[in-house]
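Asks: Below is the file structure31.cif, which contains mmCIF, N, CA and C atoms.
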data_coords
#
loop_
_atom_site.label_atom_id
_atom_site.label_comp_id
_atom_site.auth_asym_id
_atom_site.auth_seq_id
_atom_site.Cartn_x
_atom_site.Cartn_y
_atom_site.Cartn_z
N MET C 1 -3.94 4.93 -19.68
CA MET C 1 -4.08 5.65 -18.44
C MET C 1 -2.70 6.23 -18.07
N ASN C 2 -2.66 7.52 -17.80
CA ASN C 2 -1.38 8.13 -17.44
C ASN C 2 -1.14 8.02 -15.92
N LYS C 3 0.04 8.45 -15.48
CA LYS C 3 0.42 8.32 -14.08
C LYS C 3 -0.56 9.02 -13.15
N GLN C 4 -0.93 10.25 -13.48
CA GLN C 4 -1.83 11.00 -12.60
C GLN C 4 -3.18 10.29 -12.47
N GLU C 5 -3.69 9.74 -13.57
CA GLU C 5 -4.94 9.00 -13.52
C GLU C 5 -4.80 7.75 -12.65
N MET C 6 -3.61 7.14 -12.68
CA MET C 6 -3.36 5.96 -11.84
C MET C 6 -3.37 6.35 -10.36
N TYR C 7 -2.71 7.46 -10.02
CA TYR C 7 -2.71 7.92 -8.63
C TYR C 7 -4.14 8.25 -8.19
N THR C 8 -4.92 8.86 -9.07
CA THR C 8 -6.30 9.19 -8.75
C THR C 8 -7.10 7.92 -8.49
N LEU C 9 -6.94 6.91 -9.34
CA LEU C 9 -7.63 5.64 -9.14
C LEU C 9 -7.28 5.04 -7.78
N MET C 10 -6.00 5.04 -7.43
CA MET C 10 -5.58 4.49 -6.13
C MET C 10 -6.21 5.25 -4.97
N ASN C 11 -6.13 6.57 -5.01
CA ASN C 11 -6.66 7.38 -3.91
C ASN C 11 -8.17 7.30 -3.79
N GLN C 12 -8.85 7.12 -4.91
CA GLN C 12 -10.31 7.01 -4.87
C GLN C 12 -10.78 5.60 -4.51
N ASN C 13 -9.88 4.64 -4.55
CA ASN C 13 -10.18 3.24 -4.24
C ASN C 13 -9.10 2.72 -3.29
N PRO C 14 -9.09 3.21 -2.03
CA PRO C 14 -7.95 2.95 -1.14
C PRO C 14 -7.84 1.52 -0.61
N ALA C 15 -8.88 0.74 -0.69
CA ALA C 15 -8.77 -0.67 -0.28
C ALA C 15 -8.11 -1.42 -1.43
N PHE C 16 -6.98 -2.07 -1.14
CA PHE C 16 -6.25 -2.79 -2.18
C PHE C 16 -5.76 -4.11 -1.63
N TYR C 17 -5.26 -4.96 -2.52
CA TYR C 17 -4.68 -6.23 -2.13
C TYR C 17 -3.17 -6.14 -2.28
N LEU C 18 -2.47 -6.68 -1.30
CA LEU C 18 -1.02 -6.70 -1.28
C LEU C 18 -0.55 -8.14 -1.36
N ALA C 19 0.32 -8.42 -2.32
CA ALA C 19 0.92 -9.75 -2.45
C ALA C 19 2.37 -9.68 -1.99
N THR C 20 2.72 -10.59 -1.09
CA THR C 20 4.09 -10.74 -0.60
C THR C 20 4.49 -12.19 -0.79
N ALA C 21 5.74 -12.49 -0.43
CA ALA C 21 6.22 -13.87 -0.46
C ALA C 21 6.56 -14.29 0.96
N ASP C 22 6.18 -15.51 1.30
CA ASP C 22 6.52 -16.12 2.59
C ASP C 22 7.31 -17.37 2.23
N GLY C 23 8.64 -17.20 2.10
CA GLY C 23 9.45 -18.28 1.54
C GLY C 23 9.06 -18.44 0.08
N ASP C 24 8.61 -19.65 -0.27
CA ASP C 24 8.18 -19.88 -1.66
C ASP C 24 6.66 -19.85 -1.79
N GLN C 25 5.97 -19.39 -0.75
CA GLN C 25 4.51 -19.34 -0.75
C GLN C 25 4.02 -17.90 -0.90
N PRO C 26 3.22 -17.61 -1.92
CA PRO C 26 2.66 -16.26 -2.02
C PRO C 26 1.61 -16.04 -0.94
N ARG C 27 1.51 -14.80 -0.47
CA ARG C 27 0.51 -14.41 0.52
C ARG C 27 -0.15 -13.12 0.04
N VAL C 28 -1.46 -13.07 0.10
CA VAL C 28 -2.21 -11.90 -0.34
C VAL C 28 -3.18 -11.52 0.76
N ARG C 29 -3.29 -10.21 1.01
CA ARG C 29 -4.24 -9.72 1.99
C ARG C 29 -4.69 -8.32 1.61
N GLY C 30 -5.86 -7.95 2.14
CA GLY C 30 -6.37 -6.62 1.91
C GLY C 30 -5.64 -5.61 2.78
N MET C 31 -5.43 -4.42 2.25
CA MET C 31 -4.75 -3.34 2.97
C MET C 31 -5.52 -2.05 2.70
N LEU C 32 -5.11 -0.99 3.39
CA LEU C 32 -5.75 0.31 3.22
C LEU C 32 -4.68 1.35 2.91
N LEU C 33 -4.78 1.93 1.74
CA LEU C 33 -3.85 2.96 1.29
C LEU C 33 -3.97 4.20 2.17
N TYR C 34 -2.83 4.83 2.47
CA TYR C 34 -2.87 6.15 3.11
C TYR C 34 -2.90 7.22 2.02
N ARG C 35 -1.92 7.16 1.10
CA ARG C 35 -1.95 8.08 -0.03
C ARG C 35 -1.03 7.56 -1.13
N ALA C 36 -1.31 8.05 -2.34
CA ALA C 36 -0.49 7.73 -3.50
C ALA C 36 -0.31 8.99 -4.32
N ASP C 37 0.93 9.32 -4.62
CA ASP C 37 1.25 10.46 -5.47
C ASP C 37 2.66 10.27 -6.02
N GLU C 38 3.17 11.31 -6.67
CA GLU C 38 4.48 11.20 -7.30
C GLU C 38 5.60 10.96 -6.29
N ASN C 39 5.32 11.15 -4.99
CA ASN C 39 6.31 10.88 -3.95
C ASN C 39 6.30 9.44 -3.46
N GLY C 40 5.31 8.66 -3.90
CA GLY C 40 5.26 7.26 -3.52
C GLY C 40 3.87 6.82 -3.10
N ILE C 41 3.74 5.53 -2.93
CA ILE C 41 2.51 4.89 -2.48
C ILE C 41 2.75 4.51 -1.02
N ILE C 42 1.93 5.04 -0.11
CA ILE C 42 2.17 4.89 1.32
C ILE C 42 1.01 4.15 1.98
N PHE C 43 1.36 3.15 2.79
CA PHE C 43 0.40 2.42 3.60
C PHE C 43 1.12 1.94 4.85
N HIS C 44 0.42 1.25 5.74
CA HIS C 44 1.02 0.89 7.03
C HIS C 44 0.47 -0.42 7.56
N SER C 45 1.17 -0.92 8.58
CA SER C 45 0.75 -2.12 9.30
C SER C 45 1.49 -2.14 10.63
N GLY C 46 1.36 -3.22 11.35
CA GLY C 46 2.06 -3.37 12.62
C GLY C 46 3.26 -4.29 12.47
N THR C 47 4.28 -4.03 13.27
CA THR C 47 5.50 -4.85 13.20
C THR C 47 5.27 -6.26 13.73
N MET C 48 4.17 -6.48 14.46
CA MET C 48 3.86 -7.81 14.99
C MET C 48 3.16 -8.69 13.96
N LYS C 49 2.84 -8.14 12.80
CA LYS C 49 2.09 -8.87 11.77
C LYS C 49 3.02 -9.68 10.87
N ASP C 50 2.47 -10.77 10.33
CA ASP C 50 3.23 -11.60 9.39
C ASP C 50 3.66 -10.79 8.18
N VAL C 51 2.80 -9.87 7.71
CA VAL C 51 3.12 -9.08 6.53
C VAL C 51 4.42 -8.29 6.74
N TYR C 52 4.63 -7.78 7.93
CA TYR C 52 5.86 -7.02 8.23
C TYR C 52 7.09 -7.93 8.10
N ALA C 53 7.04 -9.11 8.67
CA ALA C 53 8.16 -10.05 8.57
C ALA C 53 8.42 -10.44 7.12
N GLN C 54 7.35 -10.65 6.36
CA GLN C 54 7.51 -11.03 4.95
C GLN C 54 8.17 -9.91 4.16
N ILE C 55 7.76 -8.67 4.41
CA ILE C 55 8.35 -7.53 3.70
C ILE C 55 9.81 -7.36 4.10
N CYS C 56 10.13 -7.56 5.37
CA CYS C 56 11.53 -7.46 5.81
C CYS C 56 12.40 -8.52 5.13
N GLN C 57 11.86 -9.70 4.92
CA GLN C 57 12.60 -10.79 4.26
C GLN C 57 12.72 -10.55 2.76
N ASN C 58 11.65 -10.02 2.15
CA ASN C 58 11.63 -9.81 0.71
C ASN C 58 10.73 -8.61 0.41
N PRO C 59 11.30 -7.44 0.19
CA PRO C 59 10.49 -6.24 -0.01
C PRO C 59 9.84 -6.11 -1.38
N LYS C 60 10.03 -7.10 -2.26
CA LYS C 60 9.37 -7.06 -3.57
C LYS C 60 7.92 -7.48 -3.39
N VAL C 61 7.00 -6.62 -3.86
CA VAL C 61 5.57 -6.83 -3.67
C VAL C 61 4.80 -6.46 -4.93
N GLU C 62 3.52 -6.80 -4.91
CA GLU C 62 2.60 -6.30 -5.92
C GLU C 62 1.33 -5.85 -5.21
N LEU C 63 0.82 -4.69 -5.63
CA LEU C 63 -0.41 -4.11 -5.10
C LEU C 63 -1.45 -4.17 -6.21
N CYS C 64 -2.69 -4.47 -5.84
CA CYS C 64 -3.76 -4.55 -6.82
C CYS C 64 -4.94 -3.70 -6.35
N PHE C 65 -5.24 -2.66 -7.12
CA PHE C 65 -6.35 -1.75 -6.86
C PHE C 65 -7.44 -2.03 -7.89
N ASN C 66 -8.70 -1.89 -7.47
CA ASN C 66 -9.83 -2.09 -8.38
C ASN C 66 -10.78 -0.92 -8.30
N ASP C 67 -11.12 -0.39 -9.46
CA ASP C 67 -12.18 0.61 -9.57
C ASP C 67 -13.36 -0.15 -10.18
N TYR C 68 -14.25 -0.60 -9.31
CA TYR C 68 -15.35 -1.43 -9.77
C TYR C 68 -16.35 -0.67 -10.62
N GLN C 69 -16.43 0.66 -10.44
CA GLN C 69 -17.36 1.45 -11.26
C GLN C 69 -16.93 1.48 -12.72
N SER C 70 -15.63 1.67 -12.94
CA SER C 70 -15.14 1.75 -14.32
C SER C 70 -14.71 0.38 -14.86
N GLY C 71 -14.60 -0.60 -13.97
CA GLY C 71 -14.16 -1.92 -14.40
C GLY C 71 -12.67 -1.99 -14.66
N CYS C 72 -11.90 -1.10 -14.03
CA CYS C 72 -10.46 -1.06 -14.25
C CYS C 72 -9.71 -1.62 -13.04
N GLN C 73 -8.75 -2.46 -13.34
CA GLN C 73 -7.84 -2.99 -12.32
C GLN C 73 -6.46 -2.40 -12.57
N LEU C 74 -5.80 -1.99 -11.50
CA LEU C 74 -4.45 -1.41 -11.57
C LEU C 74 -3.55 -2.23 -10.67
N ARG C 75 -2.49 -2.78 -11.26
CA ARG C 75 -1.51 -3.54 -10.49
C ARG C 75 -0.18 -2.80 -10.53
N VAL C 76 0.43 -2.68 -9.35
CA VAL C 76 1.71 -1.99 -9.21
C VAL C 76 2.69 -2.95 -8.56
N ARG C 77 3.82 -3.15 -9.22
CA ARG C 77 4.86 -4.00 -8.64
C ARG C 77 6.09 -3.16 -8.36
N GLY C 78 6.81 -3.56 -7.34
CA GLY C 78 8.01 -2.82 -6.98
C GLY C 78 8.55 -3.28 -5.65
N GLN C 79 9.40 -2.46 -5.09
CA GLN C 79 10.07 -2.79 -3.84
C GLN C 79 9.70 -1.75 -2.79
N LEU C 80 9.31 -2.25 -1.61
CA LEU C 80 8.92 -1.37 -0.51
C LEU C 80 10.13 -0.95 0.29
N GLU C 81 10.04 0.23 0.87
CA GLU C 81 10.98 0.65 1.89
C GLU C 81 10.17 0.96 3.14
N ILE C 82 10.78 0.74 4.29
CA ILE C 82 10.15 1.06 5.56
C ILE C 82 10.56 2.49 5.92
N ILE C 83 9.58 3.32 6.19
CA ILE C 83 9.82 4.73 6.51
C ILE C 83 9.76 4.91 8.02
N ASP C 84 10.88 5.21 8.62
CA ASP C 84 10.95 5.41 10.07
C ASP C 84 10.94 6.90 10.36
N ASP C 85 9.76 7.49 10.27
CA ASP C 85 9.58 8.93 10.43
C ASP C 85 8.40 9.15 11.38
N ASN C 86 8.70 9.51 12.63
CA ASN C 86 7.65 9.66 13.63
C ASN C 86 6.66 10.77 13.27
N ASN C 87 7.11 11.82 12.57
CA ASN C 87 6.18 12.86 12.14
C ASN C 87 5.16 12.30 11.16
N LEU C 88 5.60 11.47 10.23
CA LEU C 88 4.67 10.84 9.29
C LEU C 88 3.75 9.87 10.03
N LYS C 89 4.28 9.12 10.97
CA LYS C 89 3.45 8.21 11.76
C LYS C 89 2.37 8.98 12.51
N ASP C 90 2.73 10.13 13.09
CA ASP C 90 1.74 10.97 13.76
C ASP C 90 0.70 11.50 12.77
N GLU C 91 1.16 11.95 11.60
CA GLU C 91 0.24 12.45 10.58
C GLU C 91 -0.78 11.39 10.22
N ILE C 92 -0.30 10.17 10.00
CA ILE C 92 -1.20 9.07 9.63
C ILE C 92 -2.16 8.77 10.77
N ALA C 93 -1.62 8.61 11.99
CA ALA C 93 -2.45 8.23 13.13
C ALA C 93 -3.48 9.29 13.48
N ASN C 94 -3.20 10.55 13.16
CA ASN C 94 -4.12 11.65 13.47
C ASN C 94 -5.06 12.00 12.33
N HIS C 95 -4.90 11.35 11.18
CA HIS C 95 -5.75 11.64 10.02
C HIS C 95 -7.17 11.15 10.30
N PRO C 96 -8.18 11.91 9.89
CA PRO C 96 -9.57 11.49 10.13
C PRO C 96 -9.92 10.10 9.59
N SER C 97 -9.27 9.68 8.52
CA SER C 97 -9.54 8.35 7.96
C SER C 97 -8.90 7.23 8.77
N ARG C 98 -8.12 7.58 9.78
CA ARG C 98 -7.40 6.58 10.57
C ARG C 98 -7.78 6.63 12.05
N ALA C 99 -9.04 6.95 12.32
CA ALA C 99 -9.51 7.00 13.71
C ALA C 99 -9.29 5.66 14.42
N PHE C 100 -9.30 4.57 13.67
CA PHE C 100 -9.09 3.25 14.26
C PHE C 100 -7.70 3.08 14.87
N LEU C 101 -6.75 3.96 14.51
CA LEU C 101 -5.40 3.87 15.07
C LEU C 101 -5.28 4.55 16.44
N LYS C 102 -6.18 5.47 16.74
CA LYS C 102 -6.07 6.24 17.97
C LYS C 102 -6.02 5.36 19.22
N PRO C 103 -6.91 4.38 19.38
CA PRO C 103 -6.82 3.54 20.59
C PRO C 103 -5.48 2.79 20.69
N TRP C 104 -4.95 2.35 19.56
CA TRP C 104 -3.66 1.67 19.56
C TRP C 104 -2.57 2.64 20.04
N LYS C 105 -2.56 3.82 19.47
CA LYS C 105 -1.53 4.80 19.81
C LYS C 105 -1.61 5.20 21.28
N GLU C 106 -2.82 5.32 21.80
CA GLU C 106 -3.00 5.82 23.15
C GLU C 106 -3.15 4.73 24.21
N SER C 107 -3.18 3.47 23.81
CA SER C 107 -3.48 2.38 24.75
C SER C 107 -2.39 2.12 25.77
N GLY C 108 -1.15 2.27 25.38
CA GLY C 108 -0.07 1.91 26.28
C GLY C 108 0.12 0.41 26.37
N GLU C 109 -0.75 -0.37 25.71
CA GLU C 109 -0.63 -1.83 25.76
C GLU C 109 0.60 -2.31 24.99
N LEU C 110 0.94 -1.61 23.95
CA LEU C 110 2.14 -1.95 23.19
C LEU C 110 3.29 -1.12 23.73
N SER C 111 4.47 -1.68 23.70
CA SER C 111 5.61 -1.02 24.35
C SER C 111 5.88 0.37 23.81
N ASP C 112 5.78 0.55 22.53
CA ASP C 112 6.03 1.87 21.96
C ASP C 112 5.38 1.93 20.59
N PHE C 113 4.37 2.78 20.45
CA PHE C 113 3.64 2.90 19.18
C PHE C 113 4.60 3.12 18.02
N TYR C 114 5.57 3.98 18.19
CA TYR C 114 6.47 4.30 17.09
C TYR C 114 7.32 3.10 16.66
N GLN C 115 7.57 2.19 17.58
CA GLN C 115 8.35 0.99 17.24
C GLN C 115 7.48 -0.11 16.63
N THR C 116 6.18 -0.09 16.92
CA THR C 116 5.30 -1.16 16.46
C THR C 116 4.43 -0.77 15.27
N PHE C 117 4.48 0.50 14.89
CA PHE C 117 3.72 1.01 13.75
C PHE C 117 4.66 1.17 12.58
N ALA C 118 4.46 0.37 11.55
CA ALA C 118 5.34 0.38 10.38
C ALA C 118 4.67 1.10 9.21
N VAL C 119 5.42 1.99 8.60
CA VAL C 119 4.95 2.71 7.41
C VAL C 119 5.79 2.24 6.23
N PHE C 120 5.10 1.87 5.15
CA PHE C 120 5.76 1.38 3.94
C PHE C 120 5.56 2.38 2.81
N LYS C 121 6.57 2.47 1.95
CA LYS C 121 6.46 3.34 0.77
C LYS C 121 7.03 2.60 -0.44
N LEU C 122 6.29 2.67 -1.52
CA LEU C 122 6.74 2.11 -2.79
C LEU C 122 6.98 3.28 -3.73
N THR C 123 8.21 3.42 -4.19
CA THR C 123 8.54 4.43 -5.20
C THR C 123 9.18 3.72 -6.38
N GLY C 124 9.06 4.33 -7.53
CA GLY C 124 9.67 3.76 -8.72
C GLY C 124 9.06 2.45 -9.15
N GLY C 125 7.79 2.24 -8.81
CA GLY C 125 7.12 1.01 -9.19
C GLY C 125 6.73 0.99 -10.66
N THR C 126 6.28 -0.17 -11.10
CA THR C 126 5.81 -0.36 -12.46
C THR C 126 4.34 -0.75 -12.40
N ALA C 127 3.51 -0.04 -13.14
CA ALA C 127 2.07 -0.26 -13.09
C ALA C 127 1.56 -0.76 -14.44
N ILE C 128 0.52 -1.59 -14.36
CA ILE C 128 -0.22 -2.00 -15.54
C ILE C 128 -1.70 -1.91 -15.22
N THR C 129 -2.50 -1.63 -16.24
CA THR C 129 -3.95 -1.59 -16.07
C THR C 129 -4.57 -2.73 -16.85
N TRP C 130 -5.77 -3.08 -16.41
CA TRP C 130 -6.54 -4.13 -17.08
C TRP C 130 -8.00 -3.74 -17.05
N THR C 131 -8.66 -3.96 -18.18
CA THR C 131 -10.12 -3.86 -18.27
C THR C 131 -10.59 -5.00 -19.17
N MET C 132 -11.89 -5.23 -19.18
CA MET C 132 -12.41 -6.26 -20.09
C MET C 132 -12.10 -5.90 -21.54
N ASP C 133 -12.12 -4.61 -21.86
CA ASP C 133 -11.83 -4.17 -23.23
C ASP C 133 -10.38 -4.45 -23.63
N THR C 134 -9.47 -4.46 -22.66
CA THR C 134 -8.05 -4.69 -22.96
C THR C 134 -7.59 -6.08 -22.53
N ASN C 135 -8.56 -6.95 -22.27
CA ASN C 135 -8.27 -8.27 -21.72
C ASN C 135 -7.20 -9.04 -22.50
N PHE C 136 -7.22 -8.97 -23.81
CA PHE C 136 -6.28 -9.75 -24.61
C PHE C 136 -5.19 -8.90 -25.24
N ALA C 137 -5.17 -7.62 -24.93
CA ALA C 137 -4.14 -6.73 -25.48
C ALA C 137 -2.83 -6.93 -24.71
N PRO C 138 -1.71 -6.67 -25.36
CA PRO C 138 -0.43 -6.77 -24.64
C PRO C 138 -0.41 -5.78 -23.47
N LYS C 139 0.24 -6.19 -22.41
CA LYS C 139 0.38 -5.33 -21.23
C LYS C 139 1.34 -4.19 -21.54
N VAL C 140 1.02 -3.02 -21.02
CA VAL C 140 1.86 -1.84 -21.20
C VAL C 140 2.31 -1.37 -19.83
N ASP C 141 3.61 -1.42 -19.57
CA ASP C 141 4.18 -0.96 -18.30
C ASP C 141 4.24 0.56 -18.25
N THR C 142 3.86 1.11 -17.10
CA THR C 142 3.99 2.53 -16.83
C THR C 142 4.84 2.68 -15.58
N LEU C 143 5.94 3.42 -15.70
CA LEU C 143 6.80 3.65 -14.54
C LEU C 143 6.21 4.76 -13.69
N LEU C 144 6.08 4.49 -12.41
CA LEU C 144 5.54 5.50 -11.48
C LEU C 144 6.65 6.23 -10.77
#
When written as structure tokens, how does the structure in this file appear?
Replies:
Amino acid sequence: MNKQEMYTLMNQNPAFYLATADGDQPRVRGMLLYRADENGIIFHSGTMKDVYAQICQNPKVELCFNDYQSGCQLRVRGQLEIIDDNNLKDEIANHPSRAFLKPWKESGELSDFYQTFAVFKLTGGTAITWTMDTNFAPKVDTLL
């Protein structure tokens, strides 16, 4: 699978699992991709969440995407950066796939949406694919 096919798999299967470290304890949770392309893999969360604190302590993560139709799993490991760009935050919050963010942004319950809405980007990650057909084959790293 080449890089473009990997980005396509991610974008077509935006629900993924994110693994972080909490001290010496691994933590995994489901997340929702915003987009993936040659500029990076972008997703978001809130600064009040445990995941945000874990990423701030250790930005090394692994993402796991699954295309259940093809039976392909894609894992991407790398280091996240926090993107502090209010224009990107607005783009994400106003995207039709993110209608669930509108009440948060407009509620006024949180002190400042821009301070509590965290955007993460993974660039330069390393990806591997897995299928039942390649179950016992050596892993092949693909740099994204």
Asks: With distances taken over all atoms listed in the file, which residue among C:Gly46, C:Cys72, C:Thr142, C:Thr134 lies nearest Gln115 of chain C?
Replies: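 Between C:Gly46, C:Cys72, C:Thr142, C:Thr134, the residue approaching Gln115 of chain C most closely is C:Gly46.
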Asks: Quick one: distance from atom CA of Thr129 of chain C to atom CA of Glu5 of chain C in Å, one decimal?
Replies: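 Atom CA of Glu5 of chain C lies 10.9 Å from atom CA of Thr129 of chain C.
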Asks: Could you pull out every residue with an atom within 12 Å of (-2.2, 11.8, -9.6), file coordinates, counting only C-alpha atoms, and send them as a ChimeraX atom specification?
Replies: /C:1-12,35-41,144
Asks: Evaluate the PyMOL selection byres ((chain C and resi 78) around 6.5) on the structure here and hand back the selected residues as a JSON list (two decimals) with N, CA and C atoms, in the coordinates of the input.
Replies:
[["chain", "number", "residue", "atom", "x", "y", "z"],
["C", 59, "PRO", "N", 11.30, -7.44, 0.19],
["C", 59, "PRO", "CA", 10.49, -6.24, -0.01],
["C", 59, "PRO", "C", 9.84, -6.11, -1.38],
["C", 60, "LYS", "N", 10.03, -7.10, -2.26],
["C", 60, "LYS", "CA", 9.37, -7.06, -3.57],
["C", 60, "LYS", "C", 7.92, -7.48, -3.39],
["C", 61, "VAL", "N", 7.00, -6.62, -3.86],
["C", 61, "VAL", "CA", 5.57, -6.83, -3.67],
["C", 61, "VAL", "C", 4.80, -6.46, -4.93],
["C", 62, "GLU", "N", 3.52, -6.80, -4.91],
["C", 62, "GLU", "CA", 2.60, -6.30, -5.92],
["C", 62, "GLU", "C", 1.33, -5.85, -5.21],
["C", 63, "LEU", "N", 0.82, -4.69, -5.63],
["C", 63, "LEU", "CA", -0.41, -4.11, -5.10],
["C", 63, "LEU", "C", -1.45, -4.17, -6.21],
["C", 76, "VAL", "N", 0.43, -2.68, -9.35],
["C", 76, "VAL", "CA", 1.71, -1.99, -9.21],
["C", 76, "VAL", "C", 2.69, -2.95, -8.56],
["C", 77, "ARG", "N", 3.82, -3.15, -9.22],
["C", 77, "ARG", "CA", 4.86, -4.00, -8.64],
["C", 77, "ARG", "C", 6.09, -3.16, -8.36],
["C", 79, "GLN", "N", 9.40, -2.46, -5.09],
["C", 79, "GLN", "CA", 10.07, -2.79, -3.84],
["C", 79, "GLN", "C", 9.70, -1.75, -2.79],
["C", 80, "LEU", "N", 9.31, -2.25, -1.61],
["C", 80, "LEU", "CA", 8.92, -1.37, -0.51],
["C", 80, "LEU", "C", 10.13, -0.95, 0.29],
["C", 122, "LEU", "N", 6.29, 2.67, -1.52],
["C", 122, "LEU", "CA", 6.74, 2.11, -2.79],
["C", 122, "LEU", "C", 6.98, 3.28, -3.73],
["C", 124, "GLY", "N", 9.06, 4.33, -7.53],
["C", 124, "GLY", "CA", 9.67, 3.76, -8.72],
["C", 124, "GLY", "C", 9.06, 2.45, -9.15],
["C", 125, "GLY", "N", 7.79, 2.24, -8.81],
["C", 125, "GLY", "CA", 7.12, 1.01, -9.19],
["C", 125, "GLY", "C", 6.73, 0.99, -10.66],
["C", 126, "THR", "N", 6.28, -0.17, -11.10],
["C", 126, "THR", "CA", 5.81, -0.36, -12.46],
["C", 126, "THR", "C", 4.34, -0.75, -12.40]]
Asks: Just how far from atom N of Pro26 of chain C is atom CA of Ile42 of chain C, in Å to one decimal?
Replies: 22.8 Å
Asks: One decimal, in Å: what's the spacing between atom C of Gln73 of chain C and atom CA of Gln54 of chain C?
Replies: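 The value is 24.0 Å.
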Asks: Hey, what's within 12 Å of Ser70 of chain C if we count only C-alpha atoms and toss same-chain stuff fewer than 4 positions away? As a list in words, please?
Replies: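 So, after excluding close chain neighbours, the residues are Leu9, Gln12, Asn13, Asn66, Leu74, Thr129, Trp130, Thr131, Met132 and Asp133 of chain C.
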Asks: Could you pull out the residues in chain C that DSSP calls strand (DSSP E) from the backbone, as a VMD selection string?
Replies: chain C and resid 15 to 22 25 to 37 40 to 46 60 to 67 72 to 83 117 to 122 126 to 130 142 to 143
